[in-house]
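A.B. asks: Below is the file target.cif, with mmCIF, C-alpha atoms.
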```cif
data_work
#
loop_
_atom_site.label_atom_id
_atom_site.label_comp_id
_atom_site.auth_asym_id
_atom_site.auth_seq_id
_atom_site.Cartn_x
_atom_site.Cartn_y
_atom_site.Cartn_z
CA MET Z 1078 2.21 18.03 7.49
CA ALA Z 1079 -1.16 18.35 9.16
CA LYS Z 1080 -2.86 15.43 10.79
CA VAL Z 1081 -5.45 13.58 8.78
CA THR Z 1082 -8.87 14.82 9.88
CA GLY Z 1083 -11.19 13.74 7.06
CA GLY Z 1084 -11.67 10.86 4.69
CA ILE Z 1085 -11.84 7.29 5.97
CA TYR Z 1086 -11.93 6.97 9.76
CA ILE Z 1087 -8.39 5.73 10.46
CA PRO Z 1088 -9.21 3.05 13.08
CA HIS Z 1089 -11.72 1.56 10.62
CA LEU Z 1090 -9.18 1.69 7.79
CA LYS Z 1091 -6.65 -0.15 9.94
CA GLU Z 1092 -9.04 -2.66 11.52
CA HIS Z 1093 -11.45 -3.40 8.68
CA ILE Z 1094 -9.35 -2.98 5.53
CA VAL Z 1095 -5.59 -3.13 6.08
CA THR Z 1096 -5.50 -5.79 8.81
CA PRO Z 1097 -7.81 -8.31 7.12
CA ALA Z 1098 -6.21 -7.78 3.70
CA LEU Z 1099 -2.70 -8.36 5.03
CA ASN Z 1100 -3.75 -11.28 7.20
CA TYR Z 1101 -5.54 -12.87 4.22
CA ILE Z 1102 -2.33 -12.89 2.18
CA GLY Z 1103 -0.33 -14.06 5.21
CA LEU Z 1104 1.74 -10.88 5.53
CA GLY Z 1105 0.20 -9.13 8.52
CA GLY Z 1106 1.66 -8.20 11.88
CA ALA Z 1107 1.88 -4.87 13.68
CA ARG Z 1108 4.89 -3.57 11.72
CA ALA Z 1109 3.32 -4.26 8.33
CA ILE Z 1110 -0.15 -3.06 9.35
CA ASN Z 1111 1.16 0.26 10.67
CA LEU Z 1112 3.39 0.70 7.60
CA ILE Z 1113 0.56 0.09 5.14
CA THR Z 1114 -1.92 2.22 7.09
CA GLY Z 1115 0.67 5.02 7.24
CA THR Z 1116 1.38 4.64 3.53
CA PHE Z 1117 -2.33 5.06 2.84
CA LEU Z 1118 -2.34 8.28 4.87
CA ALA Z 1119 0.87 9.60 3.28
CA GLU Z 1120 0.02 8.67 -0.31
CA GLY Z 1121 -3.74 8.78 -0.73
CA TYR Z 1122 -4.85 11.62 1.50
CA ALA Z 1123 -4.61 15.39 1.08
CA GLY Z 1124 -6.70 18.37 2.09
CA GLY Z 1125 -9.47 16.39 3.76
CA GLU Z 1126 -9.95 14.03 0.81
CA THR Z 1127 -8.97 10.44 0.04
CA TYR Z 1128 -7.68 10.10 -3.51
CA LEU Z 1129 -8.15 6.95 -5.56
CA LYS Z 1130 -6.19 8.23 -8.55
CA GLN Z 1131 -3.27 10.62 -8.76
CA LEU Z 1132 -4.34 14.16 -9.50
CA GLY Z 1133 -3.06 15.93 -12.60
CA LYS Z 1134 -1.15 13.94 -15.18
CA GLY Z 1135 0.33 11.36 -12.81
CA PRO Z 1136 -0.35 7.68 -13.47
CA ALA Z 1137 -0.68 6.39 -9.88
CA VAL Z 1138 -3.88 4.54 -8.97
CA GLY Z 1139 -5.56 3.32 -5.80
CA ALA Z 1140 -5.53 4.70 -2.30
CA MET Z 1141 -1.86 3.69 -2.02
CA GLN Z 1142 -1.05 5.62 -5.23
CA MET Z 1143 0.88 2.81 -6.90
CA GLU Z 1144 2.07 3.49 -10.43
CA PRO Z 1145 1.08 0.95 -13.10
CA ALA Z 1146 4.74 0.42 -14.05
CA THR Z 1147 5.54 -0.60 -10.47
CA TYR Z 1148 2.44 -2.78 -10.30
CA ASN Z 1149 3.29 -4.53 -13.57
CA ASP Z 1150 6.89 -5.08 -12.45
CA ILE Z 1151 5.66 -6.73 -9.25
CA TRP Z 1152 3.54 -9.19 -11.23
CA LYS Z 1153 6.16 -9.81 -13.94
CA ASN Z 1154 9.35 -10.04 -11.87
CA PHE Z 1155 8.25 -10.94 -8.34
CA LEU Z 1156 4.90 -12.73 -8.23
CA SER Z 1157 5.71 -14.81 -11.31
CA ALA Z 1158 8.23 -16.87 -9.32
CA SER Z 1159 6.87 -20.35 -8.56
CA LYS Z 1160 7.63 -19.90 -4.84
CA ARG Z 1161 5.12 -17.03 -4.79
CA ALA Z 1162 2.30 -18.83 -6.61
CA THR Z 1163 0.17 -19.07 -3.46
CA LEU Z 1164 0.59 -15.35 -2.75
CA ALA Z 1165 -0.35 -14.53 -6.36
CA THR Z 1166 -3.46 -16.69 -6.02
CA TYR Z 1167 -4.51 -14.90 -2.83
CA LEU Z 1168 -4.04 -11.54 -4.56
CA LYS Z 1169 -6.15 -12.67 -7.51
CA HIS Z 1170 -8.89 -13.76 -5.08
CA LEU Z 1171 -8.86 -10.32 -3.44
CA ALA Z 1172 -9.01 -8.60 -6.83
CA GLY Z 1173 -11.78 -10.72 -8.32
CA ASP Z 1174 -11.85 -11.85 -11.91
CA TRP Z 1175 -13.89 -9.18 -13.62
CA LYS Z 1176 -11.03 -6.90 -14.70
CA THR Z 1177 -7.99 -8.93 -15.76
CA ASP Z 1178 -5.58 -9.19 -18.65
CA ALA Z 1179 -5.42 -12.17 -21.01
CA ASN Z 1180 -3.27 -14.06 -18.45
CA GLY Z 1181 -5.73 -13.59 -15.58
CA ILE Z 1182 -3.63 -10.89 -13.88
CA PRO Z 1183 -5.77 -8.12 -12.36
CA LEU Z 1184 -5.37 -4.78 -14.12
CA PRO Z 1185 -3.74 -1.96 -12.11
CA SER Z 1186 -7.01 -0.02 -12.19
CA VAL Z 1187 -8.57 -2.65 -9.89
CA MET Z 1188 -6.70 -0.91 -7.05
CA THR Z 1189 -8.82 2.20 -7.68
CA GLY Z 1190 -12.03 0.58 -6.47
CA ASN Z 1191 -10.77 -2.28 -4.33
CA VAL Z 1192 -9.04 -0.96 -1.22
CA PHE Z 1193 -8.38 -4.47 0.12
CA PHE Z 1194 -6.46 -5.29 -3.06
CA ALA Z 1195 -4.63 -1.93 -2.99
CA ALA Z 1196 -3.52 -2.56 0.61
CA ALA Z 1197 -2.34 -6.07 -0.26
CA MET Z 1198 -0.42 -4.88 -3.32
CA CYS Z 1199 1.20 -2.14 -1.24
CA ARG Z 1200 2.35 -4.81 1.21
CA VAL Z 1201 3.75 -6.93 -1.63
CA HIS Z 1202 5.63 -3.90 -2.90
CA TYR Z 1203 7.33 -3.63 0.50
CA LEU Z 1204 7.89 -7.40 0.58
CA ARG Z 1205 10.44 -6.95 -2.22
CA VAL Z 1206 12.56 -4.72 0.02
CA PRO Z 1207 15.45 -6.59 1.65
CA ALA Z 1208 15.56 -4.25 4.69
CA ALA Z 1209 13.34 -5.21 7.61
CA ILE Z 1210 10.27 -3.11 8.35
CA PRO Z 1211 11.01 -0.80 11.29
CA GLU Z 1212 9.50 -1.25 14.74
CA ALA Z 1213 5.72 -0.93 14.73
CA THR Z 1214 5.77 2.03 17.14
CA ASP Z 1215 8.50 4.14 15.51
CA ALA Z 1216 6.62 6.66 13.39
CA GLN Z 1217 9.72 8.43 12.08
CA ALA Z 1218 11.41 5.18 11.06
CA LEU Z 1219 8.23 3.99 9.31
CA SER Z 1220 7.94 7.32 7.50
CA ASN Z 1221 11.60 7.15 6.43
CA TYR Z 1222 11.12 3.57 5.22
CA HIS Z 1223 8.06 4.64 3.19
CA LYS Z 1224 10.01 7.48 1.61
CA LYS Z 1225 13.04 5.36 0.74
CA TYR Z 1226 11.29 2.26 -0.54
CA TYR Z 1227 7.82 3.32 -1.69
CA ASN Z 1228 7.81 7.00 -2.59
CA THR Z 1229 11.55 6.99 -3.50
CA SER Z 1230 13.86 9.94 -4.02
CA LEU Z 1231 11.82 10.93 -7.08
CA GLY Z 1232 8.59 11.36 -5.12
CA LYS Z 1233 7.31 14.39 -3.26
CA ALA Z 1234 6.78 12.76 0.14
CA ASP Z 1235 8.50 14.43 3.07
CA PRO Z 1236 9.34 11.86 5.77
CA THR Z 1237 9.58 14.51 8.49
CA ALA Z 1238 6.22 16.02 7.57
CA ASN Z 1239 4.63 12.58 7.21
CA LYS Z 1240 5.73 11.43 10.68
CA ASP Z 1241 2.36 12.60 12.05
CA ARG Z 1242 0.53 10.39 9.56
CA PHE Z 1243 2.48 7.33 10.59
CA GLN Z 1244 1.89 8.25 14.24
CA GLN Z 1245 -1.83 8.33 13.52
CA ALA Z 1246 -1.54 4.89 11.92
CA ILE Z 1247 0.20 3.58 15.03
CA ALA Z 1248 -2.38 5.13 17.37
CA ALA Z 1249 -5.42 3.91 15.42
#
```
Could I get this structure in the form of structure tokens?
C.D. replies:
Amino acid sequence: MAKVTGGIYIPHLKEHIVTPALNYIGLGGARAINLITGTFLAEGYAGGETYLKQLGKGPAVGAMQMEPATYNDIWKNFLSASKRATLATYLKHLAGDWKTDANGIPLPSVMTGNVFFAAAMCRVHYLRVPAAIPEATDAQALSNYHKKYYNTSLGKADPTANKDRFQQAIAA
């Protein structure tokens, strides 16, 4: 897959969006930051454009292209645990309170306009994975991890083709 050459300037994405969002929720570090930045490039970028909603009939929203069913499962079955109450509170702070359900949970569509929140939710998605995040400098391993645990076997991502995108995330 071709290198990303348009859209958000990758060093700014990494430094001014992904890093502060992940550090705010206490889940930063080089491995996570490179994984989330690479996921942004693999999921939300194509043909010189950054997409905030899946094209066609797909339901995915936000720059990380998370599906509402996945998002809702994270809130219902992961963030609802009392040991994750602080994390849930941080996520709600990032999202704001203007677009929530009756229980105060941000709606999935908040990820469309709030890239900080989308990055944080992407990180929480990976937090549910029992396997450790690969080394921060291993683009192929990060791309494989993204494919297996985020895009899944049902998705169209190609971990070999996306290696360049994860390399760009590392280099940014």
A.B. asks: Go through the shown structure with the PyMOL selection byres ((chain Z and resi 1142) around 12) and write out the matching residues as a VMD selection string.
C.D. replies: chain Z and resid 1113 1116 to 1122 1127 to 1132 1135 to 1141 1143 to 1148 1185 to 1186 1188 to 1189 1192 1195 to 1196 1198 to 1199 1202 1227 to 1228 1232 1234
A.B. asks: Interatomic distance between atom CA of Z:Tyr1101 and atom CA of Z:Lys1225?
C.D. replies: 26.3 Å
A.B. asks: Which is closer to Z:Lys1240 than all the others in Z:Tyr1086, Z:Trp1152, Z:Tyr1167, Z:Tyr1222, using all atoms listed in the file?
C.D. replies: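 Using all atoms listed in the file, the shortest distance to Z:Lys1240 belongs to Z:Tyr1222.
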A.B. asks: I'd like to know which of Z:Arg1205, Z:Trp1175, Z:His1223, Z:Lys1091 is closest to Z:Asn1154, using all atoms listed in the file.
C.D. replies: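 Of Z:Arg1205, Z:Trp1175, Z:His1223, Z:Lys1091, the one nearest Z:Asn1154 is Z:Arg1205, counting all atoms listed in the file.
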A.B. asks: Since I can't run it myself right now, could you work out what the PyMOL selection byres ((chain Z and resi 1210-1217) around 8) selects here and report it as a list in words?
C.D. replies: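 This file, filtered by the PyMOL selection byres ((chain Z and resi 1210-1217) around 8), leaves Ala1107, Arg1108, Ala1109, Asn1111, Leu1112, Ala1208, Ala1209, Ala1218, Leu1219, Ser1220, Asn1221, Tyr1222, Pro1236, Thr1237, Lys1240, Asp1241, Phe1243, Gln1244 and Ile1247 of chain Z.
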A.B. asks: Write out, as a short mmCIF file (atom, residue, chain, number, x, y, z; two decimals), in the coordinates of the input, the residues just selected, with C-alpha atoms.
C.D. replies:
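Once written, part-v2.cif looks like this:
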```
data_model
loop_
_atom_site.label_atom_id
_atom_site.label_comp_id
_atom_site.auth_asym_id
_atom_site.auth_seq_id
_atom_site.Cartn_x
_atom_site.Cartn_y
_atom_site.Cartn_z
CA ALA Z 1107 1.88 -4.87 13.68
CA ARG Z 1108 4.89 -3.57 11.72
CA ALA Z 1109 3.32 -4.26 8.33
CA ASN Z 1111 1.16 0.26 10.67
CA LEU Z 1112 3.39 0.70 7.60
CA ALA Z 1208 15.56 -4.25 4.69
CA ALA Z 1209 13.34 -5.21 7.61
CA ALA Z 1218 11.41 5.18 11.06
CA LEU Z 1219 8.23 3.99 9.31
CA SER Z 1220 7.94 7.32 7.50
CA ASN Z 1221 11.60 7.15 6.43
CA TYR Z 1222 11.12 3.57 5.22
CA PRO Z 1236 9.34 11.86 5.77
CA THR Z 1237 9.58 14.51 8.49
CA LYS Z 1240 5.73 11.43 10.68
CA ASP Z 1241 2.36 12.60 12.05
CA PHE Z 1243 2.48 7.33 10.59
CA GLN Z 1244 1.89 8.25 14.24
CA ILE Z 1247 0.20 3.58 15.03
#
```
A.B. asks: Please measure the separation of atom CA of Z:Thr1229 and atom CA of Z:Ser1159, giving the value in Å to one decimal.
C.D. replies: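 Atom-to-atom, atom CA of Z:Thr1229 and atom CA of Z:Ser1159 are spaced 28.2 Å apart.
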A.B. asks: Nearest to Z:Leu1204 among Z:Ala1162, Z:Leu1171, Z:Ala1179, Z:Leu1104, with distances taken over all atoms listed in the file: which residue is it?
C.D. replies: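 Counting all atoms listed in the file, the residue closest to Z:Leu1204 is Z:Leu1104.
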A.B. asks: Which distance in Å separates atom CA of Z:Val1187 and atom CA of Z:Pro1097, to one decimal?
C.D. replies: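 Here the two named atoms are 17.9 Å from each other.
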A.B. asks: Nearest to Z:Arg1242: which of Z:Leu1184, Z:Gly1106, Z:Gly1115, Z:His1093 is it, counting all atoms listed in the file?
C.D. replies: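 Looking only at the distances to Z:Arg1242, the closest residue turns out to be Z:Gly1115.
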